[in-house]
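> Structure provided below as structure tokens; questions to follow.
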Amino acid sequence: MKRVLEGSHAVAEAVRLAKVQVISAYPITPQTHIVEILSEYCTKGMMKAKFLRVESEHSCMAALIGAQSTGVRTFTATSGQGLALMHELLHWAAGARLPIVMAEVNRALAPGWNIWVDQTDSLAQRDTGWIQMYCEDGQEVLDSTLQAFRLAEVVNLPVMIVLDAFYLSHTYEPVEVPSQEEVDQFLPPFEPKFRLDTAHPCGFGPLVAPGDYMEMRYHIAMAMEEALDRFDEIEAAFAAQFNRRYGPVEAIDCEDADIVFITTGTVTSTCRLVLQDLRAKGEKVGILKLKLLRPFPTEQIREKLRSVKKVAVVDRNFSFGASGIFAQEVRAALCNMPVHPTVFGFVAGIGGRDVTPELLEMIYWQTKTSDVPQKESVWMGLREVKNVD
Amino acid sequence: MNEAKNPNPLFMPITYLTTESNKTGSWRFLHPQYDEKTSPCSVACPAGEDIARIEMLASQGLFKEAWETILRENPFPSVCGRVCFHPCEGQCNRRELDMAVAIHSLERFLADTAIRYGIKPVLEKRPSQKQRIAVIGAGPAGLSAAWFLSMLGYACHVFEASAEAGGVLRWGIPLYRLPLNALLHDIQQVEAQGVTIYTGKPVSPDVLEIMKKDYDAVFIGCGHGRGMSMNVPGEDLKEVSEGLDFLRKLREGETPPCQGVSAIIGGGNTAIDVARSVVRLGGKALLLYRRRRQDMPALELEVEMALEEGVKLQELVAPAAVARDEDQVVLTLQEMKIAGDEGGRARVAPDEGKTRKVRIDRIFKAIGAQADEPRHQPPAGDEGLLSLSHTVLVRGNQGPVMVFGGDLTNETKSVVHAVASGKEAAMALDTLFREGFEAIVPKLEACRVGEGPSLSMEIYMGGQRRLRNPHVVRYEEINTDYFGFIPRVIQPRLLKEERVQSFEEIDLKISANLAMKESERCFNCGLCNQCDNCFIYCPDTSVMRDKDHQGRHINYDYCKGCGLCVVECPRNAMSLREEES
């Protein structure tokens with residue numbers, strides 16, 4: 001059934017349909033709408049889930065680690081500072097091979113306090129062992145959340161569904177919401193491969209000596225690799241049932257393009273408009289939308305950019321002292337190709353600033369008219385800051 | 001997807017060994033412990049009632065046990081639940097959150113419930129002792145002394161001059177405050193404990209001499225029944241009488257004439273009782289007080305209800321002269337002015353030259369009372385005299401020890417102070433008989449509630465209460481996260497229109513449901529109510545359940561001393577101390 005939903009509620013609908021059994025969260029803007037409606041579902045009996053109130057995000061993830069260890073399906077949502085506070089336990093969740101699913105609404109980190117979109121919070125969790133999926137619109141959010149449970153549970157790794165603050169979390173769009181029967185068919189109940197059971201006491205996560213630790217980590221690495229294949233299988237199953245598919249990357253008009261934008265999140269939607277305009281002017285331009293950050297779809301990126309001359313990576317994030325983080329990832333993916341496109345890095349829309357079609361066009365022309373990047377990252381649309389005495 | 005098809009089987013750290021060998025208790029530098037403390041209400045109660053525990057039991061529906069807990073410290077719950085000035089509520093920690101717990105109403109409820117179901121208390125009683133004790137006066141002090149002495153195993157005979165027992169409770173308090181059956185129940189209970197009461201037996205000096213041969217001790221609690229003089233001209237007119245005598249006639253069943261205007265001189269509870277009784281008999285009552293309303297020793301609520309019922313009040317006036325004028329009297333009043341402060345009340349002095357006259361039909365004096373006879377007062381001097389907080393012990397060279405108590409020795413003349421006096425006398429005599437004179441003071445000191453003046457018979461008799469820390473729990477020591485705002489129960493009362501028509505009891509009963517809700521409001525300061533928060537919050541699973549009275553203990557082999565249990569204890573029944581090195 002088609003409904004008009006805000007991005008936050010698209011997540012919540014998927015969580016409800018996935019029959020999650022334990023939810024825990026600590027409220028933080030711009031995530032709060034997600035758990036607010038979920039708590040309502042729990043209260044009204046629309047979900048048979050236990051909603052755990054906690055005093056912090058750190059406790060929230062700890063609670064979910066405990067709950068998930070008993071073999072139930074779990075969910076949380078957070079944002080910005082909240083995700084940062086969870087950091088220690090994000091490593092734990094992945095190391096303990098717990099298929100927790102989280103919605104993470106990108107929010108800029110303080111100080112200065114800023115509740116608007118910025119991807120640095122989720123990208124800073126890149127190495128925690130969580131699968132990360134960046135979504136473009138409400139429909140993708142709902143579909144990806146449903147797929148996330150299946151993917152997480154099959155590879156035993158946690159998944160983070162990432163949404164732009166406000167542009168996606170608070171924007172209403174028509175979203176096709178599948179029926180419970182359809183979802184039940186796609187997503188069977190969780191069958192844990194291990195669980196805490198008082199009848200058979202054991203402890204998870206004890207001391208592990210160097211003799212075993214490395215292999216355990218290697219198994220997580222293998223599971224991440226496996227996740228790429230599983231993601232394709234799950235998307236195929238989903239497409240067969242619902243006729244929608246996104247891919248780890250989506251290449252738009254890349255076949256004959258000389259220059260390709262690399263985008264994530266809602267910037268992709270804006271870029272689709274710019275693409276139409278530029279194509280109308282005869283420009284040979286394309287877009288490569290990145291959905292998966294982890295596992296990173298290196299092969300797919302190489303494949304799609306094989307004959308491209310230049311790429312313009314739009315980063316709504318920054319790694320101080322280096323460059324935009326997606327630009328780093330793309331450079332790393334391409335550098336071992338004998339011939340590869342030149343990577344132009346652009347930083348735009350930090351802390352919730354608009355990334356307008358005009359700005360994206362400027363990025364295009366700057367990329368087209370330069371032979372080599374002037375810098376690893378060019379900050380777009382900066383205001384002149386006058387020192388105040 | 002099944003495991004067989006999974007190319008990457010899980011390789012995870014799992015252990016089947018126990019971590020018991022790692023005695024994490026060795027990391028501890030703070031030491032949590034169960035440490036029940038003292039509630040401020042119990043310190044404020046002159047009878048030292050274990051209020052925090054009483055309310056805890058009541059909140060669990062254990063009404064009999066709650067009532068028995070009162071009886072261990074006070075044989076008059078039915079009376080005190082009605083007429084006590086409840087200083088406990090003034091010290092209730094809950095006042096800082098919303099309003100004090102309605103301890104007074106709950107005491108009455110528990111007594112009413114016991115009466116309604118004919119419950120017989122089961123109380124600890126010592127085996128019989130050889131000493132016999134005579135008690136003179138069956139008022140609250142004498143009966144309390146007899147009650148506690150018989151608990152301690154002594155044979156007690158009470159001698160009462162009047163035809164019935166009860167003293168001021170029987171003859172001095174109007175029925176609308178204290179119905180007869182409420183009083184009789186408490187008295188019968190004292191008798192059921194094994195106390196014999198002889199009524200109509202005034203003890204003359206001769207009789208006392210005979211008694212001294214038969215008894216090992218005599219408790220004198222004859223009370224203050226004789227009025228004081230106003231020292232003004234015309235005071236001896238027949239229209240001028242004692243308020244207490246008026247109340248006594250009423251309680252004897254007479255209907256003294258009250259038509260016209262009766263002036264009542266005084267500001268204490270007797271004055272208010274007289275004024276309100278006059279109104280009930282169809283007369284007009286004019287209350288004359290030398291200070292201001294807020295300085296009255298009478299209970300504020302009593303004053304408020306009196307004024308509602310039509311009693312008129314004139315403040316800052318003192319009687320100067322009384323004269324007959326035909327069939328009425330003219331009372332000359334000296335106007336008073338405020339001349340400073342006296343322990344929170346106004347000190348007043350005559351406003352020279354300012355007098356006025358009121359024409360009235362009669363005057364009731366209610367300006368205080370004294371002992372009926374000087375011999376009821378403890379002797380002066382300090383030879384063989386031991387002055388305690390509520391009693392005076394006199395030990396002669398021969399004969400039994402004499403103990404003076406109740407109004408004769410109490411600074412504050414109240415029912416609950418009379419109970420305190422009886423209890424102190426019982427403890428002092430028992431200690432004297434068992435351990436000697438010198439042991440009395442230290443023994444009493446060991447039985448104080450907290451570090452206040454109140455004494456606990458339960459502590460004296462070696463009950464669990466003696467294990468409590470005397471530290472009085474402060475509001476800041478309560479974890480108020482566990483207590484929401486809950487309105488205090490409203491004591492239901494007769495409407496003022498109903499009140500003035502008869503001597504029906506004004507305060508109505510509250511239901512068991514309301515009583516339980518109200519008792520749940522109690523923080524139970526310092527007491528464990530087995531809420532299990534310590535057990536639930538302990539991150540080291542080091543709180544272990546037991547079958548003893550405490551219900552649990554701490555396993556110090558593994559307790560790391562984080563203190564969570566202490567912080568999460570809602571009622572401060574635990575303490576965290578530094579580990580001794």
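Just remember, in the structure tokens the first chain shown is A, the second B, etc., residues are 1-based per chain, and ligands are 1-based in the order shown.
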Compute the set of chain B residues within 6 Å of chain A, using only C-alpha atoms, and express it as a list of chain:residue names.
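Output check: B:Phe11, B:Pro13, B:Ile14, B:Thr15, B:Tyr16.
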> Would you output that residue set with N, CA and C atoms, as a PDB file, in the first residue's frame?

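Now in out.pdb:
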ATOM      1  N   PHE B  11      33.544 -18.283  14.320  1.00  0.00           N
ATOM      2  CA  PHE B  11      34.652 -18.627  15.201  1.00  0.00           C
ATOM      3  C   PHE B  11      34.666 -17.537  16.261  1.00  0.00           C
ATOM      4  N   PRO B  13      34.694 -16.266  20.563  1.00  0.00           N
ATOM      5  CA  PRO B  13      35.160 -16.587  21.917  1.00  0.00           C
ATOM      6  C   PRO B  13      33.982 -16.940  22.846  1.00  0.00           C
ATOM      7  N   ILE B  14      33.929 -18.196  23.233  1.00  0.00           N
ATOM      8  CA  ILE B  14      32.907 -18.653  24.175  1.00  0.00           C
ATOM      9  C   ILE B  14      33.614 -19.428  25.279  1.00  0.00           C
ATOM     10  N   THR B  15      33.164 -19.256  26.505  1.00  0.00           N
ATOM     11  CA  THR B  15      33.804 -19.992  27.599  1.00  0.00           C
ATOM     12  C   THR B  15      32.750 -20.781  28.372  1.00  0.00           C
ATOM     13  N   TYR B  16      33.144 -21.921  28.832  1.00  0.00           N
ATOM     14  CA  TYR B  16      32.274 -22.722  29.700  1.00  0.00           C
ATOM     15  C   TYR B  16      32.863 -22.810  31.104  1.00  0.00           C
TER      16      TYR B  16
END
> Name the residues of stretch 195-362 of chain A that fall into helix (DSSP H, G or I) according to DSSP on the backbone, using the chain letters and numbers of this document, as a ChimeraX atom specification.
/A:210-242,267-280,298-304,325-334,350-352,357-362
> Could those selected residues go to a file with C-alpha atoms, as a PDB file, in the first residue's frame?

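Result file result.pdb:
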ATOM      1  CA  PRO A 210      47.078 -14.005  20.437  1.00  0.00           C
ATOM      2  CA  GLY A 211      46.892 -17.623  19.343  1.00  0.00           C
ATOM      3  CA  ASP A 212      43.213 -17.271  18.465  1.00  0.00           C
ATOM      4  CA  TYR A 213      42.361 -13.573  18.345  1.00  0.00           C
ATOM      5  CA  MET A 214      43.761 -12.987  14.885  1.00  0.00           C
ATOM      6  CA  GLU A 215      41.734 -15.823  13.385  1.00  0.00           C
ATOM      7  CA  MET A 216      38.608 -14.517  15.005  1.00  0.00           C
ATOM      8  CA  ARG A 217      39.228 -11.138  13.407  1.00  0.00           C
ATOM      9  CA  TYR A 218      39.954 -12.822  10.095  1.00  0.00           C
ATOM     10  CA  HIS A 219      36.586 -14.522  10.280  1.00  0.00           C
ATOM     11  CA  ILE A 220      34.911 -11.139  10.689  1.00  0.00           C
ATOM     12  CA  ALA A 221      36.842  -9.939   7.639  1.00  0.00           C
ATOM     13  CA  MET A 222      35.612 -12.968   5.708  1.00  0.00           C
ATOM     14  CA  ALA A 223      32.065 -12.373   6.878  1.00  0.00           C
ATOM     15  CA  MET A 224      32.297  -8.790   5.599  1.00  0.00           C
ATOM     16  CA  GLU A 225      33.460 -10.085   2.221  1.00  0.00           C
ATOM     17  CA  GLU A 226      30.701 -12.625   2.204  1.00  0.00           C
ATOM     18  CA  ALA A 227      28.226  -9.851   2.975  1.00  0.00           C
ATOM     19  CA  LEU A 228      28.774  -8.393  -0.518  1.00  0.00           C
ATOM     20  CA  ASP A 229      27.626 -11.640  -2.148  1.00  0.00           C
ATOM     21  CA  ARG A 230      24.809 -12.106   0.303  1.00  0.00           C
ATOM     22  CA  PHE A 231      23.693  -8.533  -0.288  1.00  0.00           C
ATOM     23  CA  ASP A 232      23.284  -9.352  -3.993  1.00  0.00           C
ATOM     24  CA  GLU A 233      21.337 -12.542  -3.216  1.00  0.00           C
ATOM     25  CA  ILE A 234      19.060 -10.756  -0.806  1.00  0.00           C
ATOM     26  CA  GLU A 235      18.506  -7.869  -3.212  1.00  0.00           C
ATOM     27  CA  ALA A 236      17.663 -10.391  -5.923  1.00  0.00           C
ATOM     28  CA  ALA A 237      15.138 -12.115  -3.674  1.00  0.00           C
ATOM     29  CA  PHE A 238      13.683  -8.759  -2.719  1.00  0.00           C
ATOM     30  CA  ALA A 239      13.482  -7.632  -6.347  1.00  0.00           C
ATOM     31  CA  ALA A 240      11.767 -10.870  -7.317  1.00  0.00           C
ATOM     32  CA  GLN A 241       9.100 -10.223  -4.724  1.00  0.00           C
ATOM     33  CA  PHE A 242       8.797  -6.438  -4.742  1.00  0.00           C
ATOM     34  CA  VAL A 267      22.702  14.587  -2.667  1.00  0.00           C
ATOM     35  CA  THR A 268      22.235  11.878  -5.286  1.00  0.00           C
ATOM     36  CA  SER A 269      18.658  12.999  -5.881  1.00  0.00           C
ATOM     37  CA  THR A 270      19.747  16.588  -6.469  1.00  0.00           C
ATOM     38  CA  CYS A 271      22.523  15.355  -8.707  1.00  0.00           C
ATOM     39  CA  ARG A 272      20.031  13.398 -10.835  1.00  0.00           C
ATOM     40  CA  LEU A 273      18.466  16.767 -11.814  1.00  0.00           C
ATOM     41  CA  VAL A 274      21.840  18.317 -12.570  1.00  0.00           C
ATOM     42  CA  LEU A 275      22.648  15.316 -14.701  1.00  0.00           C
ATOM     43  CA  GLN A 276      19.554  15.895 -16.832  1.00  0.00           C
ATOM     44  CA  ASP A 277      20.478  19.550 -17.356  1.00  0.00           C
ATOM     45  CA  LEU A 278      24.084  18.801 -18.241  1.00  0.00           C
ATOM     46  CA  ARG A 279      23.129  15.949 -20.558  1.00  0.00           C
ATOM     47  CA  ALA A 280      20.687  18.313 -22.261  1.00  0.00           C
ATOM     48  CA  THR A 298      35.601  -2.007  -4.773  1.00  0.00           C
ATOM     49  CA  GLU A 299      35.064  -4.340  -7.740  1.00  0.00           C
ATOM     50  CA  GLN A 300      31.746  -2.757  -8.695  1.00  0.00           C
ATOM     51  CA  ILE A 301      33.271   0.726  -8.553  1.00  0.00           C
ATOM     52  CA  ARG A 302      36.237  -0.294 -10.689  1.00  0.00           C
ATOM     53  CA  GLU A 303      33.890  -1.937 -13.153  1.00  0.00           C
ATOM     54  CA  LYS A 304      31.581   1.066 -13.480  1.00  0.00           C
ATOM     55  CA  ILE A 325      36.240  10.317   3.426  1.00  0.00           C
ATOM     56  CA  PHE A 326      34.404   8.911   0.409  1.00  0.00           C
ATOM     57  CA  ALA A 327      37.103  10.495  -1.805  1.00  0.00           C
ATOM     58  CA  GLN A 328      39.735   8.592   0.189  1.00  0.00           C
ATOM     59  CA  GLU A 329      37.825   5.372  -0.207  1.00  0.00           C
ATOM     60  CA  VAL A 330      37.386   5.879  -3.958  1.00  0.00           C
ATOM     61  CA  ARG A 331      41.054   6.765  -4.462  1.00  0.00           C
ATOM     62  CA  ALA A 332      42.045   3.640  -2.543  1.00  0.00           C
ATOM     63  CA  ALA A 333      39.711   1.506  -4.638  1.00  0.00           C
ATOM     64  CA  LEU A 334      41.046   2.873  -7.918  1.00  0.00           C
ATOM     65  CA  ILE A 350      28.800  20.378   5.929  1.00  0.00           C
ATOM     66  CA  GLY A 351      26.624  20.847   9.026  1.00  0.00           C
ATOM     67  CA  GLY A 352      23.354  20.901   7.104  1.00  0.00           C
ATOM     68  CA  PRO A 357      22.028  22.066  -8.215  1.00  0.00           C
ATOM     69  CA  GLU A 358      24.109  25.206  -8.866  1.00  0.00           C
ATOM     70  CA  LEU A 359      26.803  24.025  -6.499  1.00  0.00           C
ATOM     71  CA  LEU A 360      26.900  20.586  -8.122  1.00  0.00           C
ATOM     72  CA  GLU A 361      27.181  22.229 -11.561  1.00  0.00           C
ATOM     73  CA  MET A 362      30.113  24.306 -10.323  1.00  0.00           C
TER      74      MET A 362
END
> Find the spatial neighbours of B:Pro205, counting only C-alpha atoms, within a cut-off of 9 Å - ignore same-chain residues fewer than 4 positions away - and output them as a JSON list (two decimals) with N, CA and C atoms, in the first residue's frame.

[["chain", "number", "residue", "atom", "x", "y", "z"],
["B", 209, "GLU", "N", 0.22, 5.03, 102.78],
["B", 209, "GLU", "CA", 1.14, 4.43, 103.74],
["B", 209, "GLU", "C", 0.95, 2.92, 103.80],
["B", 210, "ILE", "N", -0.30, 2.48, 103.72],
["B", 210, "ILE", "CA", -0.57, 1.05, 103.73],
["B", 210, "ILE", "C", 0.00, 0.40, 102.46],
["B", 375, "ARG", "N", 0.74, 17.21, 97.64],
["B", 375, "ARG", "CA", 1.49, 15.97, 97.89],
["B", 375, "ARG", "C", 1.66, 15.14, 96.61]]
> Compile the contact shell of A:Lys50 as number ranges by chain: residues with an atom at most 8 Å away, counting only C-alpha atoms, same-chain residues fewer than 4 positions apart removed.
A: 21-23, 42
> Could the residues in this selection be written to a file with C-alpha atoms, as a PDB file, in the first residue's frame?

ATOM      1  CA  GLN A  21      11.499  -8.282  19.550  1.00  0.00           C
ATOM      2  CA  VAL A  22      13.632  -5.854  21.547  1.00  0.00           C
ATOM      3  CA  ILE A  23      14.048  -2.140  20.910  1.00  0.00           C
ATOM      4  CA  CYS A  42       4.846  -1.179  21.540  1.00  0.00           C
TER       5      CYS A  42
END
> Could you find all residues in stretch 140-284 of chain B that DSSP calls strand (DSSP E) from the backbone, and write them as a list of chain:residue names?
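Going through stretch 140-284 of chain B, the strand (DSSP E) residues come out as B:Ala155, B:Cys156, B:His157, B:Val158, B:Phe159, B:Thr196, B:Ile197, B:Tyr198, B:Ala217, B:Val218, B:Phe219, B:Ile220, B:His224, B:Gly225, B:Arg226, B:Gly227, B:Val240, B:Ser241, B:Glu242, B:Val261, B:Ser262, B:Ala263, B:Ile264, B:Ile265, B:Lys284.
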> Restricting the output to N, CA and C atoms, write the selected residues as a PDB file, in the first residue's frame.

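For reference, out_6.pdb as written:
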ATOM      1  N   ALA B 155       3.377  -7.502  88.224  1.00  0.00           N
ATOM      2  CA  ALA B 155       1.956  -7.401  88.585  1.00  0.00           C
ATOM      3  C   ALA B 155       1.678  -5.939  88.916  1.00  0.00           C
ATOM      4  N   CYS B 156       0.634  -5.378  88.282  1.00  0.00           N
ATOM      5  CA  CYS B 156       0.331  -3.963  88.453  1.00  0.00           C
ATOM      6  C   CYS B 156      -1.101  -3.780  88.909  1.00  0.00           C
ATOM      7  N   HIS B 157      -1.280  -2.961  89.917  1.00  0.00           N
ATOM      8  CA  HIS B 157      -2.622  -2.599  90.366  1.00  0.00           C
ATOM      9  C   HIS B 157      -2.785  -1.097  90.210  1.00  0.00           C
ATOM     10  N   VAL B 158      -3.844  -0.714  89.500  1.00  0.00           N
ATOM     11  CA  VAL B 158      -4.066   0.712  89.264  1.00  0.00           C
ATOM     12  C   VAL B 158      -5.220   1.170  90.151  1.00  0.00           C
ATOM     13  N   PHE B 159      -5.002   2.283  90.862  1.00  0.00           N
ATOM     14  CA  PHE B 159      -6.046   2.826  91.747  1.00  0.00           C
ATOM     15  C   PHE B 159      -6.528   4.158  91.195  1.00  0.00           C
ATOM     16  N   THR B 196      -4.772  -4.821  86.635  1.00  0.00           N
ATOM     17  CA  THR B 196      -6.035  -4.709  87.368  1.00  0.00           C
ATOM     18  C   THR B 196      -6.279  -3.240  87.692  1.00  0.00           C
ATOM     19  N   ILE B 197      -7.478  -2.742  87.355  1.00  0.00           N
ATOM     20  CA  ILE B 197      -7.805  -1.341  87.640  1.00  0.00           C
ATOM     21  C   ILE B 197      -8.899  -1.322  88.697  1.00  0.00           C
ATOM     22  N   TYR B 198      -8.622  -0.633  89.806  1.00  0.00           N
ATOM     23  CA  TYR B 198      -9.639  -0.443  90.848  1.00  0.00           C
ATOM     24  C   TYR B 198     -10.164   0.976  90.728  1.00  0.00           C
ATOM     25  N   ALA B 217       6.955  -0.674  94.459  1.00  0.00           N
ATOM     26  CA  ALA B 217       7.077   0.658  93.866  1.00  0.00           C
ATOM     27  C   ALA B 217       5.678   1.235  93.692  1.00  0.00           C
ATOM     28  N   VAL B 218       5.612   2.567  93.746  1.00  0.00           N
ATOM     29  CA  VAL B 218       4.341   3.252  93.519  1.00  0.00           C
ATOM     30  C   VAL B 218       4.559   4.299  92.427  1.00  0.00           C
ATOM     31  N   PHE B 219       3.734   4.230  91.393  1.00  0.00           N
ATOM     32  CA  PHE B 219       3.791   5.244  90.333  1.00  0.00           C
ATOM     33  C   PHE B 219       2.662   6.224  90.594  1.00  0.00           C
ATOM     34  N   ILE B 220       2.986   7.505  90.656  1.00  0.00           N
ATOM     35  CA  ILE B 220       1.966   8.519  90.923  1.00  0.00           C
ATOM     36  C   ILE B 220       1.739   9.323  89.652  1.00  0.00           C
ATOM     37  N   HIS B 224      -3.089  16.780  86.293  1.00  0.00           N
ATOM     38  CA  HIS B 224      -3.406  18.144  86.668  1.00  0.00           C
ATOM     39  C   HIS B 224      -4.886  18.360  86.437  1.00  0.00           C
ATOM     40  N   GLY B 225      -5.668  18.335  87.524  1.00  0.00           N
ATOM     41  CA  GLY B 225      -7.113  18.446  87.357  1.00  0.00           C
ATOM     42  C   GLY B 225      -7.699  19.699  87.970  1.00  0.00           C
ATOM     43  N   ARG B 226      -6.885  20.466  88.682  1.00  0.00           N
ATOM     44  CA  ARG B 226      -7.405  21.631  89.378  1.00  0.00           C
ATOM     45  C   ARG B 226      -7.028  22.895  88.603  1.00  0.00           C
ATOM     46  N   GLY B 227      -7.999  23.768  88.450  1.00  0.00           N
ATOM     47  CA  GLY B 227      -7.790  24.997  87.681  1.00  0.00           C
ATOM     48  C   GLY B 227      -6.867  25.972  88.381  1.00  0.00           C
ATOM     49  N   VAL B 240     -18.510  32.347  87.396  1.00  0.00           N
ATOM     50  CA  VAL B 240     -17.147  32.046  86.923  1.00  0.00           C
ATOM     51  C   VAL B 240     -16.817  30.612  87.325  1.00  0.00           C
ATOM     52  N   SER B 241     -16.534  29.769  86.346  1.00  0.00           N
ATOM     53  CA  SER B 241     -16.206  28.375  86.703  1.00  0.00           C
ATOM     54  C   SER B 241     -15.055  27.854  85.844  1.00  0.00           C
ATOM     55  N   GLU B 242     -14.637  26.646  86.208  1.00  0.00           N
ATOM     56  CA  GLU B 242     -13.497  26.019  85.538  1.00  0.00           C
ATOM     57  C   GLU B 242     -13.946  25.327  84.244  1.00  0.00           C
ATOM     58  N   VAL B 261     -24.339  34.117  76.203  1.00  0.00           N
ATOM     59  CA  VAL B 261     -22.945  34.168  75.767  1.00  0.00           C
ATOM     60  C   VAL B 261     -22.039  33.659  76.889  1.00  0.00           C
ATOM     61  N   SER B 262     -21.187  32.686  76.554  1.00  0.00           N
ATOM     62  CA  SER B 262     -20.189  32.217  77.511  1.00  0.00           C
ATOM     63  C   SER B 262     -18.834  32.722  77.059  1.00  0.00           C
ATOM     64  N   ALA B 263     -18.123  33.382  78.005  1.00  0.00           N
ATOM     65  CA  ALA B 263     -16.752  33.797  77.685  1.00  0.00           C
ATOM     66  C   ALA B 263     -15.816  32.708  78.160  1.00  0.00           C
ATOM     67  N   ILE B 264     -14.840  32.383  77.314  1.00  0.00           N
ATOM     68  CA  ILE B 264     -13.854  31.370  77.687  1.00  0.00           C
ATOM     69  C   ILE B 264     -12.500  32.050  77.679  1.00  0.00           C
ATOM     70  N   ILE B 265     -11.804  31.965  78.799  1.00  0.00           N
ATOM     71  CA  ILE B 265     -10.510  32.625  78.919  1.00  0.00           C
ATOM     72  C   ILE B 265      -9.438  31.571  78.688  1.00  0.00           C
ATOM     73  N   LYS B 284     -23.639  30.731  72.759  1.00  0.00           N
ATOM     74  CA  LYS B 284     -22.654  31.482  71.983  1.00  0.00           C
ATOM     75  C   LYS B 284     -21.349  31.470  72.778  1.00  0.00           C
TER      76      LYS B 284
END
> Between B:Glu55, B:Glu579, B:Glu49, B:Asp351, which is the closest to B:Phe109 once you count only C-alpha atoms?
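Of the candidates, the smallest distance to B:Phe109 is held by B:Glu55.
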> Taking 5 positions as the minimum chain separation for residues in the same chain, which residues sit within 7 Å of B:Glu505 when counting only C-alpha atoms? Answer as a ChimeraX atom specification.
/B:175-179
> Report, in Å to a single decimal, how far apart atom CA of B:Ala138 and atom CA of B:Gly167 are.
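Pair atom CA of B:Gly167 / atom CA of B:Ala138 returns 5.8 Å.
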> Could you give me, as a PDB file with C-alpha atoms, in the first residue's frame, the residues within 9 Å of B:Thr480, counting only C-alpha atoms and dropping anything in the same chain fewer than 5 positions from it?

ATOM      1  CA  LEU B  97       8.740  16.411  48.280  1.00  0.00           C
ATOM      2  CA  TYR B 475      15.612  14.077  53.012  1.00  0.00           C
ATOM      3  CA  PHE B 523       9.537   6.803  52.408  1.00  0.00           C
ATOM      4  CA  PRO B 570      15.307   4.222  47.759  1.00  0.00           C
ATOM      5  CA  ARG B 571      15.113   4.520  51.546  1.00  0.00           C
TER       6      ARG B 571
END
> So that I can see what lies close to A:Leu85, please list as a ChimeraX atom specification the residues with an atom at most 12 Å from it, counting only C-alpha atoms and leaving out residues fewer than 3 positions away in the same chain.
/A:26,28,55-62,78-82,88-90,109,121-122,124-125
> Quick check, in Å to one decimal: how far apart do atom CA of A:Gln185 and atom CA of A:Leu142 lie?
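About the pair atom CA of A:Gln185 and atom CA of A:Leu142: they are 16.0 Å apart.
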> Could you tell me how far atom CA of B:Lys312 lies from atom CA of B:Thr355, in Å and to one decimal?
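These atoms are spaced 18.8 Å apart.
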